[in-house]
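Here the structure comes first, spelled out in structure tokens, and everything after it is commentary.
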2 protein chains.
Amino acid sequence: MQAQHILLQSRPEGMPTADNFALTQVTLPELQQGQFLVKNLWMSVDPYMRGRMIDRESYIAPFALGEVLEGGAIGEVIASKHADFPVGSKVSSMNGWRTHYVTDGSDHTILPTTPLCESHFLGVLGMPGMTAWTGLNRIAELKAGETLFVSAASGAVGSVACQLGLLMGAKVIASVGSDEKAASLKAMGVEQVINYKTTTDLSAALRTAAPQGIDVYFENVGGDHLVAALDNMNEFGRIAVCGMIADYNDTTPSPGPSNIGNIIVKKLKIQGFIVMDHWEHYPEFTQQMSQWLANGQVKAEQTIYEGIEQAPAAFIGLFEGKNRGKMVVKLA
Amino acid sequence: MQAQHILLQSRPEGMPTADNFALTQVTLPELQQGQFLVKNLWMSVDPYMRGRMIDRESYIAPFALGEVLEGGAIGEVIASKHADFPVGSKVSSMNGWRTHYVTDGSDHTILPTTPLCESHFLGVLGMPGMTAWTGLNRIAELKAGETLFVSAASGAVGSVACQLGLLMGAKVIASVGSDEKAASLKAMGVEQVINYKTTTDLSAALRTAAPQGIDVYFENVGGDHLVAALDNMNEFGRIAVCGMIADYNDTTPSPGPSNIGNIIVKKLKIQGFIVMDHWEHYPEFTQQMSQWLANGQVKAEQTIYEGIEQAPAAFIGLFEGKNRGKMVVKLA
């Protein structure tokens with residue numbers, strides 16, 4: 001049995017390029033008792049993976065050079081010598097960036113049956129959706145009647161954060177990088193959407209969009225977005241820091257926000273979080289989210305690239321704003 | 001009855017200078033029923049006052065040009081037509097920067113009798129002491145066995161924060177601007193003290209002083225200190241932001257910390273606070289602190305300037321590191 005793997009060929013300097021990746025063919029071992037063979041159907045590309053491409057200490061180990069990459073994936077068991085994972089089971093794992101693999105099932109979960117496409121377990125029902133839910137509920141503690149600002153608002157996390165914000169009774173202000181993305185968010189009920197690429201003064205644009213100020217900022221971007229948010233936060237505002245994608249490809253560190261003194265003057269709380277630290281709440285999240293999806297109260301957008309050879313382009317596309325909603329790669 | 005007032009003559013640009021202030025003589029009105037006359041004994045100068053000299057929206061109104069300044073003061077009632085404030089009472093108020101005044105007693109508190117000099121109600125038993133206590137207990141939630149880093153550690157707030165940190169069972173690392181200040185902190189039991197003025201790489205110095213990393217940073221300074229702290233924070237570290245004195249005299253904003261991405265990677269919480277929002281805990285604080293002072297478990301340092309004409313120099317001295325412990329001006 002042959003599988004295709006995507007390896008980390010070299011560590012990106014700045015923006016990742018196609019030649020940081022290599023596609024190889026590997027021969028899989030024979031199934032042993034207690035193992036099963038998975039054909040991946042979908043794999044995830046996520047901004048956080050950029051951090052794992054750097055050789056540094058972090059909350060998660062760096063990717064090894066010359067080794068197959070890792071990431072969220074949804075697959076189907078196509079041969080099995082494991083009683084708990086019969087043929088036909090759909091499983092989620094961190095064994096992305098490969099077409100097939102043999103496993104003993106550790107860190108594998110069998111997906112529940114749902115009317116939705118199983119790819120959504122990489123998005124709205126998976127890590128990105130849970131990230132949006134955690135940031136608003138457990139980090140920022142958004143309350144009804146407050147004003148929420150979301151950056152990268154049409155991304156996998158941002159688009160869920162906007163919709164949850166509306167469901168929680170907040171006024172939602174969103175920032176995106178194209179008029180098409182803005183229109184899509186407006187169709188979801190977000191009243192004020194800023195296209196930051198056509199805005200010369202983001203802070204002023206935010207003040208116009210939210211003259212009453214911002215109570216919660218869901219931070220996905222960093223850079224100018226953080227400066228604009230700090231300028232416009234209300235007293236006792238909370239910033240849930242999920243990511244700072246603007247900085248991920250910096251070869252030299254960008255200066256931080258020069259208006260950081262607002263932390264004192266406005267008594268702000270800025271808190272970074274990693275969704276894995278909150279995973280004990282996943283059942284609560286998934287129950288609520290399944291309901292919202294079934295009712296049509298949350299809409300799940302996806303951008304789909306096809307074929308494992310497209311995975312590097314899909315990943316690079318995250319930093320070029322090529323996705324609307326969750327970026328996934330269809331492998332089979 | 002004549003009083004001397006210090007007025008805000010002009011708004012400082014950058015570092016305040018003597019000619020931003022003017023000393024004037026005013027004639028006080030006759031006492032009416034329900035009023036009393038106070039002779040100030042002590043007045044406070046604090047870094048936060050620099051912010052009130054800027055004409056901007058903040059948690060506290062800016063000082064008005066040409067008007068007498070305000071700030072914490074301790075005075076004695078020397079004439080009274082108010083039943084609750086008999087002659088001889090010692091009162092605390094926000095009516096600093098003047099030698100005498102007439103008041104109806106609103107926002108005045110009669111001081112309890114204590115063996116300590118009443119000036120300490122401007123320092124360790126007042127706003128600065130309560131700020132240190134609040135930052136460690138209610139914002140950073142410092143726990144025994146953790147490592148605490150305190151900047152401006154020989155200042156009015158910092159010196160109390162160091163001592164409370166030790167009492168709470170933390171390992172304390174301090175940063176100060178002179179070897180004399182370092183020696184004074186070491187005498188209080190702080191093991192590791194960095195003189196940042198003779199240190200070329202503050203981040204490396206902090207790593208040497210705290211190879212196990214920092215769990216809580218009590219932020220009084222901003223600038224390089226915040227960068228060094230972010231570099232050295234442990235996972236789930238907390239930064240209680242009390243002040244950023246390094247930035248208060250900036251004429252153009254300094255760049256923020258370029259390593260702010262640590263907020264995500266290390267899941268940090270950074271929270272600004274103003275002690276007034278926590279004032280309901282003042283009785284609890286003052287009970288504990290009185291005990292510690294009586295037992296000698298907390299030592300209260302003061303730097304005293306004498307005479308109201310020295311008040312501007314005392315205030316400017318805060319930004320030149322001229323104080324050890326609380327800077328106060330003795331008025332009578």
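Ligands are numbered from 1 in the order shown, residues from 1 within each chain, and chains are lettered A, B, ... in the order they appear in the structure tokens.
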
Would you mind listing what lies within 10 Å of B:Thr99 as a PDB file with all heavy atoms, in the first residue's frame, with only C-alpha atoms counted and same-chain residues fewer than 4 positions away left out?
ATOM      1  N   GLN B   2      -4.167  83.490  54.612  1.00  0.00           N
ATOM      2  CA  GLN B   2      -3.493  83.323  53.317  1.00  0.00           C
ATOM      3  C   GLN B   2      -3.098  81.849  53.121  1.00  0.00           C
ATOM      4  O   GLN B   2      -2.766  81.160  54.091  1.00  0.00           O
ATOM      5  CB  GLN B   2      -2.206  84.157  53.290  1.00  0.00           C
ATOM      6  CG  GLN B   2      -2.436  85.651  53.364  1.00  0.00           C
ATOM      7  CD  GLN B   2      -2.991  86.205  52.068  1.00  0.00           C
ATOM      8  OE1 GLN B   2      -2.345  86.103  51.025  1.00  0.00           O
ATOM      9  NE2 GLN B   2      -4.197  86.749  52.127  1.00  0.00           N
ATOM     10  N   ALA B   3      -3.168  81.392  51.887  1.00  0.00           N
ATOM     11  CA  ALA B   3      -2.682  80.043  51.565  1.00  0.00           C
ATOM     12  C   ALA B   3      -1.796  80.128  50.335  1.00  0.00           C
ATOM     13  O   ALA B   3      -1.930  81.044  49.516  1.00  0.00           O
ATOM     14  CB  ALA B   3      -3.852  79.106  51.289  1.00  0.00           C
ATOM     15  N   GLN B   4      -0.884  79.170  50.220  1.00  0.00           N
ATOM     16  CA  GLN B   4      -0.074  79.075  49.001  1.00  0.00           C
ATOM     17  C   GLN B   4      -0.582  77.914  48.155  1.00  0.00           C
ATOM     18  O   GLN B   4      -0.857  76.823  48.682  1.00  0.00           O
ATOM     19  CB  GLN B   4       1.392  78.868  49.381  1.00  0.00           C
ATOM     20  CG  GLN B   4       2.015  80.137  49.960  1.00  0.00           C
ATOM     21  CD  GLN B   4       3.457  79.903  50.348  1.00  0.00           C
ATOM     22  OE1 GLN B   4       3.750  79.135  51.261  1.00  0.00           O
ATOM     23  NE2 GLN B   4       4.357  80.563  49.629  1.00  0.00           N
ATOM     24  N   HIS B   5      -0.728  78.171  46.885  1.00  0.00           N
ATOM     25  CA  HIS B   5      -1.195  77.169  45.921  1.00  0.00           C
ATOM     26  C   HIS B   5      -0.129  76.929  44.862  1.00  0.00           C
ATOM     27  O   HIS B   5       0.549  77.870  44.466  1.00  0.00           O
ATOM     28  CB  HIS B   5      -2.442  77.688  45.165  1.00  0.00           C
ATOM     29  CG  HIS B   5      -3.708  77.590  45.940  1.00  0.00           C
ATOM     30  ND1 HIS B   5      -4.941  77.814  45.362  1.00  0.00           N
ATOM     31  CD2 HIS B   5      -3.960  77.293  47.235  1.00  0.00           C
ATOM     32  CE1 HIS B   5      -5.893  77.663  46.271  1.00  0.00           C
ATOM     33  NE2 HIS B   5      -5.322  77.358  47.418  1.00  0.00           N
ATOM     34  N   ILE B   6      -0.054  75.697  44.389  1.00  0.00           N
ATOM     35  CA  ILE B   6       0.749  75.466  43.180  1.00  0.00           C
ATOM     36  C   ILE B   6      -0.203  75.191  42.023  1.00  0.00           C
ATOM     37  O   ILE B   6      -1.049  74.287  42.091  1.00  0.00           O
ATOM     38  CB  ILE B   6       1.767  74.329  43.373  1.00  0.00           C
ATOM     39  CG1 ILE B   6       2.785  74.819  44.414  1.00  0.00           C
ATOM     40  CG2 ILE B   6       2.452  73.984  42.051  1.00  0.00           C
ATOM     41  CD1 ILE B   6       3.994  73.970  44.569  1.00  0.00           C
ATOM     42  N   GLN B  25      -0.215  83.011  45.913  1.00  0.00           N
ATOM     43  CA  GLN B  25      -0.775  83.288  47.233  1.00  0.00           C
ATOM     44  C   GLN B  25      -2.261  83.566  47.032  1.00  0.00           C
ATOM     45  O   GLN B  25      -2.625  84.313  46.115  1.00  0.00           O
ATOM     46  CB  GLN B  25      -0.068  84.557  47.766  1.00  0.00           C
ATOM     47  CG  GLN B  25      -0.284  84.854  49.198  1.00  0.00           C
ATOM     48  CD  GLN B  25       0.867  84.280  50.064  1.00  0.00           C
ATOM     49  OE1 GLN B  25       1.813  83.678  49.535  1.00  0.00           O
ATOM     50  NE2 GLN B  25       0.760  84.444  51.357  1.00  0.00           N
ATOM     51  N   VAL B  38      -8.313  73.638  57.030  1.00  0.00           N
ATOM     52  CA  VAL B  38      -7.273  72.613  57.144  1.00  0.00           C
ATOM     53  C   VAL B  38      -5.906  73.208  56.841  1.00  0.00           C
ATOM     54  O   VAL B  38      -5.743  73.944  55.863  1.00  0.00           O
ATOM     55  CB  VAL B  38      -7.548  71.435  56.180  1.00  0.00           C
ATOM     56  CG1 VAL B  38      -6.417  70.404  56.238  1.00  0.00           C
ATOM     57  CG2 VAL B  38      -8.889  70.780  56.471  1.00  0.00           C
ATOM     58  N   LYS B  39      -4.954  72.901  57.692  1.00  0.00           N
ATOM     59  CA  LYS B  39      -3.543  73.179  57.400  1.00  0.00           C
ATOM     60  C   LYS B  39      -2.931  71.858  56.929  1.00  0.00           C
ATOM     61  O   LYS B  39      -2.907  70.874  57.681  1.00  0.00           O
ATOM     62  CB  LYS B  39      -2.829  73.661  58.665  1.00  0.00           C
ATOM     63  CG  LYS B  39      -1.333  73.866  58.466  1.00  0.00           C
ATOM     64  CD  LYS B  39      -0.681  74.529  59.663  1.00  0.00           C
ATOM     65  CE  LYS B  39      -0.358  73.486  60.731  1.00  0.00           C
ATOM     66  NZ  LYS B  39       0.481  74.041  61.820  1.00  0.00           N
ATOM     67  N   ASN B  40      -2.465  71.802  55.659  1.00  0.00           N
ATOM     68  CA  ASN B  40      -1.870  70.558  55.173  1.00  0.00           C
ATOM     69  C   ASN B  40      -0.516  70.313  55.827  1.00  0.00           C
ATOM     70  O   ASN B  40       0.301  71.227  55.957  1.00  0.00           O
ATOM     71  CB  ASN B  40      -1.700  70.599  53.646  1.00  0.00           C
ATOM     72  CG  ASN B  40      -2.909  70.018  52.933  1.00  0.00           C
ATOM     73  OD1 ASN B  40      -3.647  69.201  53.495  1.00  0.00           O
ATOM     74  ND2 ASN B  40      -3.114  70.441  51.686  1.00  0.00           N
ATOM     75  N   LEU B  41      -0.303  69.055  56.231  1.00  0.00           N
ATOM     76  CA  LEU B  41       0.973  68.664  56.829  1.00  0.00           C
ATOM     77  C   LEU B  41       1.867  67.982  55.797  1.00  0.00           C
ATOM     78  O   LEU B  41       3.085  68.155  55.809  1.00  0.00           O
ATOM     79  CB  LEU B  41       0.709  67.697  57.993  1.00  0.00           C
ATOM     80  CG  LEU B  41      -0.262  68.200  59.074  1.00  0.00           C
ATOM     81  CD1 LEU B  41      -0.531  67.083  60.091  1.00  0.00           C
ATOM     82  CD2 LEU B  41       0.300  69.446  59.768  1.00  0.00           C
ATOM     83  N   TRP B  42       1.257  67.198  54.938  1.00  0.00           N
ATOM     84  CA  TRP B  42       1.981  66.397  53.950  1.00  0.00           C
ATOM     85  C   TRP B  42       1.209  66.394  52.645  1.00  0.00           C
ATOM     86  O   TRP B  42      -0.015  66.388  52.660  1.00  0.00           O
ATOM     87  CB  TRP B  42       2.084  64.926  54.411  1.00  0.00           C
ATOM     88  CG  TRP B  42       2.783  64.721  55.705  1.00  0.00           C
ATOM     89  CD1 TRP B  42       2.200  64.662  56.938  1.00  0.00           C
ATOM     90  CD2 TRP B  42       4.185  64.526  55.905  1.00  0.00           C
ATOM     91  NE1 TRP B  42       3.142  64.444  57.905  1.00  0.00           N
ATOM     92  CE2 TRP B  42       4.381  64.358  57.298  1.00  0.00           C
ATOM     93  CE3 TRP B  42       5.291  64.476  55.060  1.00  0.00           C
ATOM     94  CZ2 TRP B  42       5.635  64.137  57.858  1.00  0.00           C
ATOM     95  CZ3 TRP B  42       6.533  64.251  55.616  1.00  0.00           C
ATOM     96  CH2 TRP B  42       6.701  64.095  56.991  1.00  0.00           C
ATOM     97  N   MET B  43       1.917  66.360  51.536  1.00  0.00           N
ATOM     98  CA  MET B  43       1.248  66.122  50.255  1.00  0.00           C
ATOM     99  C   MET B  43       2.026  65.071  49.472  1.00  0.00           C
ATOM    100  O   MET B  43       3.223  64.856  49.668  1.00  0.00           O
ATOM    101  CB  MET B  43       1.076  67.398  49.432  1.00  0.00           C
ATOM    102  CG  MET B  43       2.366  68.070  49.011  1.00  0.00           C
ATOM    103  SD  MET B  43       2.160  69.271  47.669  1.00  0.00           S
ATOM    104  CE  MET B  43       2.349  68.202  46.227  1.00  0.00           C
ATOM    105  N   ALA B  73      -3.318  64.306  50.196  1.00  0.00           N
ATOM    106  CA  ALA B  73      -2.729  65.164  51.238  1.00  0.00           C
ATOM    107  C   ALA B  73      -3.245  64.728  52.604  1.00  0.00           C
ATOM    108  O   ALA B  73      -4.317  64.144  52.712  1.00  0.00           O
ATOM    109  CB  ALA B  73      -3.081  66.633  50.970  1.00  0.00           C
ATOM    110  N   GLY B  75      -3.811  66.554  56.345  1.00  0.00           N
ATOM    111  CA  GLY B  75      -3.814  67.855  57.010  1.00  0.00           C
ATOM    112  C   GLY B  75      -4.396  67.778  58.413  1.00  0.00           C
ATOM    113  O   GLY B  75      -4.863  66.721  58.858  1.00  0.00           O
ATOM    114  N   ASN B  95      -6.836  67.251  48.402  1.00  0.00           N
ATOM    115  CA  ASN B  95      -6.528  68.690  48.312  1.00  0.00           C
ATOM    116  C   ASN B  95      -5.050  68.994  48.537  1.00  0.00           C
ATOM    117  O   ASN B  95      -4.699  69.865  49.333  1.00  0.00           O
ATOM    118  CB  ASN B  95      -7.386  69.468  49.308  1.00  0.00           C
ATOM    119  CG  ASN B  95      -8.861  69.454  48.937  1.00  0.00           C
ATOM    120  OD1 ASN B  95      -9.234  68.850  47.927  1.00  0.00           O
ATOM    121  ND2 ASN B  95      -9.694  70.106  49.712  1.00  0.00           N
ATOM    122  N   GLY B 307       8.721  71.753  52.224  1.00  0.00           N
ATOM    123  CA  GLY B 307       8.237  73.061  51.777  1.00  0.00           C
ATOM    124  C   GLY B 307       7.477  72.953  50.468  1.00  0.00           C
ATOM    125  O   GLY B 307       7.893  72.269  49.539  1.00  0.00           O
ATOM    126  N   ILE B 308       6.362  73.669  50.398  1.00  0.00           N
ATOM    127  CA  ILE B 308       5.518  73.558  49.205  1.00  0.00           C
ATOM    128  C   ILE B 308       6.265  73.979  47.943  1.00  0.00           C
ATOM    129  O   ILE B 308       6.011  73.459  46.857  1.00  0.00           O
ATOM    130  CB  ILE B 308       4.194  74.369  49.375  1.00  0.00           C
ATOM    131  CG1 ILE B 308       3.231  74.002  48.236  1.00  0.00           C
ATOM    132  CG2 ILE B 308       4.473  75.874  49.451  1.00  0.00           C
ATOM    133  CD1 ILE B 308       1.817  74.448  48.461  1.00  0.00           C
ATOM    134  N   LEU B 331       4.746  69.818  54.370  1.00  0.00           N
ATOM    135  CA  LEU B 331       4.275  71.191  54.195  1.00  0.00           C
ATOM    136  C   LEU B 331       4.290  71.979  55.504  1.00  0.00           C
ATOM    137  O   LEU B 331       4.286  73.206  55.483  1.00  0.00           O
ATOM    138  CB  LEU B 331       2.863  71.199  53.598  1.00  0.00           C
ATOM    139  CG  LEU B 331       2.735  70.558  52.207  1.00  0.00           C
ATOM    140  CD1 LEU B 331       1.302  70.690  51.696  1.00  0.00           C
ATOM    141  CD2 LEU B 331       3.697  71.202  51.219  1.00  0.00           C
ATOM    142  N   ALA B 332       4.237  71.275  56.621  1.00  0.00           N
ATOM    143  CA  ALA B 332       4.237  71.995  57.912  1.00  0.00           C
ATOM    144  C   ALA B 332       4.810  71.072  58.978  1.00  0.00           C
ATOM    145  O   ALA B 332       4.744  69.862  58.855  1.00  0.00           O
ATOM    146  CB  ALA B 332       2.825  72.413  58.290  1.00  0.00           C
TER     147      ALA B 332
END

Can you pull out every residue within 9 Å of A:Gly88, counting only C-alpha atoms, but drop anything in the same chain fewer than 6 positions away, and send it as a PyMOL selection string?
chain A and resi 76-79

- Could you please write out, as a PyMOL selection string, every residue of stretch 217-321 of chain B that DSSP assigns to strand (DSSP E)? chain B and resi 217-219+233-241+269-272+302-306

Q. Could you pull the residues within 8 Å of B:Met53, counting only C-alpha atoms, minus those fewer than 4 positions along the same chain, as an MDAnalysis selection string?
A. chainID B and resid 8 11:12 49 62:63

Residue selection dump (all heavy atoms) as a CSV table (one decimal), in the first residue's frame:
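Below is the file that was written, part_34.csv:
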chain,number,residue,atom,x,y,z
B,8,LEU,N,-1.0,74.6,37.8
B,8,LEU,CA,-0.5,74.1,36.5
B,8,LEU,C,-0.4,75.3,35.6
B,8,LEU,O,-1.4,75.8,35.1
B,8,LEU,CB,-1.3,73.0,35.9
B,8,LEU,CG,-0.8,72.4,34.7
B,8,LEU,CD1,0.5,71.7,34.9
B,8,LEU,CD2,-1.8,71.4,34.1
B,11,ARG,N,1.2,73.0,30.2
B,11,ARG,CA,1.2,71.6,30.1
B,11,ARG,C,2.6,71.1,29.7
B,11,ARG,O,3.1,71.6,28.7
B,11,ARG,CB,0.1,71.1,29.1
B,11,ARG,CG,-1.3,71.4,29.5
B,11,ARG,CD,-2.4,70.6,28.8
B,11,ARG,NE,-3.7,71.1,29.3
B,11,ARG,CZ,-4.3,70.8,30.4
B,11,ARG,NH1,-3.7,70.0,31.2
B,11,ARG,NH2,-5.5,71.3,30.7
B,12,PRO,N,3.2,70.2,30.5
B,12,PRO,CA,4.5,69.7,30.1
B,12,PRO,C,4.6,69.1,28.7
B,12,PRO,O,3.6,68.4,28.3
B,12,PRO,CB,4.9,68.6,31.1
B,12,PRO,CG,3.9,68.8,32.2
B,12,PRO,CD,2.7,69.5,31.6
B,49,MET,N,0.1,61.5,38.2
B,49,MET,CA,-0.3,62.9,38.0
B,49,MET,C,0.2,63.4,36.7
B,49,MET,O,-0.4,64.4,36.2
B,49,MET,CB,0.3,63.7,39.2
B,49,MET,CG,-0.3,63.4,40.5
B,49,MET,SD,0.6,64.3,41.9
B,49,MET,CE,-0.4,63.8,43.3
B,62,PRO,N,-8.5,65.7,33.3
B,62,PRO,CA,-7.2,66.4,33.3
B,62,PRO,C,-7.2,67.6,34.3
B,62,PRO,O,-8.3,68.1,34.6
B,62,PRO,CB,-7.1,66.8,31.9
B,62,PRO,CG,-8.4,66.8,31.3
B,62,PRO,CD,-9.2,65.8,32.1
B,63,PHE,N,-6.0,67.9,34.8
B,63,PHE,CA,-5.9,69.2,35.5
B,63,PHE,C,-6.2,70.4,34.6
B,63,PHE,O,-5.9,70.3,33.4
B,63,PHE,CB,-4.5,69.3,36.0
B,63,PHE,CG,-4.1,68.3,37.1
B,63,PHE,CD1,-2.9,67.6,36.9
B,63,PHE,CD2,-4.8,68.1,38.2
B,63,PHE,CE1,-2.5,66.7,37.9
B,63,PHE,CE2,-4.4,67.2,39.2
B,63,PHE,CZ,-3.3,66.5,39.1

Restrict the calculation to only C-alpha atoms, then for each residue of stretch 252-302 of chain A with any atom at most 12 Å from an atom of stretch 174-185 of chain A give the closest atom pair and their distance in Å to one decimal, rows by chain and rising residue number, as CSV.
residue,atom,partner,partner_atom,distance
A:Val298,CA,A:Leu185,CA,11.7
A:Lys299,CA,A:Leu185,CA,10.4
A:Ala300,CA,A:Ser184,CA,11.6
A:Glu301,CA,A:Ser184,CA,9.6

Could you give me, as a VMD selection string, the residues within 12 Å of A:Met327, counting only C-alpha atoms and dropping anything in the same chain fewer than 6 positions from it?
chain A and resid 42 to 47 72 119 to 120 122 to 124 128 154 to 157 300 to 306 310 to 319 321

Query raised in the report: What are the residues of chain A that have an atom within 10 Å of an atom of chain B, counting only C-alpha atoms, as a VMD selection string?
Result: chain A and resid 51 57 to 60 139 222 to 223 227 235 to 236 238 to 245 247 to 248 252 to 274 277

*Please identify which residues in stretch 121-197 of chain B DSSP calls alpha helix (DSSP H) from the backbone, and express them as a PyMOL selection string.*
chain B and resi 127-134+156-167+179-187

Could you save the residues just selected, with C-alpha atoms, as a compact mmCIF listing (two decimals), in the first residue's frame?
# COMPACT_ATOMS: atom_id res chain seq x y z
CA MET B 127 -3.02 54.52 47.62
CA PRO B 128 0.46 53.15 46.70
CA GLY B 129 0.39 50.36 49.30
CA MET B 130 -3.17 49.45 48.36
CA THR B 131 -2.09 49.41 44.69
CA ALA B 132 0.64 46.86 45.38
CA TRP B 133 -1.75 44.72 47.44
CA THR B 134 -4.49 44.88 44.80
CA ALA B 156 6.33 53.71 46.49
CA VAL B 157 4.35 50.85 44.92
CA GLY B 158 7.24 48.59 43.91
CA SER B 159 8.87 48.43 47.32
CA VAL B 160 5.58 47.32 48.86
CA ALA B 161 4.97 44.85 46.02
CA CYS B 162 8.38 43.25 46.68
CA GLN B 163 7.72 42.90 50.39
CA LEU B 164 4.19 41.58 49.94
CA GLY B 165 5.53 39.11 47.37
CA LEU B 166 7.96 37.76 49.94
CA LEU B 167 5.20 37.58 52.58
CA ASP B 179 23.14 50.10 43.38
CA GLU B 180 22.04 51.97 46.51
CA LYS B 181 18.42 51.06 45.80
CA ALA B 182 19.46 47.48 45.09
CA ALA B 183 21.21 47.26 48.45
CA SER B 184 18.14 48.59 50.21
CA LEU B 185 15.93 45.92 48.60
CA LYS B 186 18.40 43.18 49.41
CA ALA B 187 18.27 44.32 53.03

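Going from atom CA of A:Tyr282 over to atom CA of A:Arg138, you cover 12.4 Å.
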
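With only C-alpha atoms as the atoms that count, the residue of A:Phe149, A:Ile74, A:Glu118, A:Leu293 with the shortest distance to A:Trp97 is A:Ile74.
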
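Among the candidates A:Phe285, A:Phe121, A:Tyr101, A:Phe218, the one nearest to A:Val26 when counting only C-alpha atoms is A:Tyr101.
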
Computed gap from atom CA of B:Asn232 to atom CA of A:His278 is 24.0 Å

Exercise for review: Would you kindly return, as a VMD selection string, each protein, DNA or RNA residue with an atom no farther than 7 Å from any atom of A:Lys171, considering only C-alpha atoms and excluding same-chain residues fewer than 4 positions away?
Suggested key: chain A and resid 145 to 148 166

Write to file, as a compact mmCIF listing (two decimals), in the first residue's frame, the residues of the selection just made, with C-alpha atoms.
# COMPACT_ATOMS: atom_id res chain seq x y z
CA GLY A 145 -25.62 44.40 24.63
CA GLU A 146 -21.85 44.74 24.35
CA THR A 147 -19.93 45.63 21.21
CA LEU A 148 -17.64 42.98 19.74
CA LEU A 166 -24.71 37.95 17.21

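Of the residues under consideration (A:Leu206, A:Val275, A:Ala294, A:Leu226), A:Val275 shows the shortest atom-to-atom contact distance to A:Gly126 when counting only C-alpha atoms.
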
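The space separating atom CA of B:Asn220 from atom CA of B:Ser203 comes to 16.3 Å.
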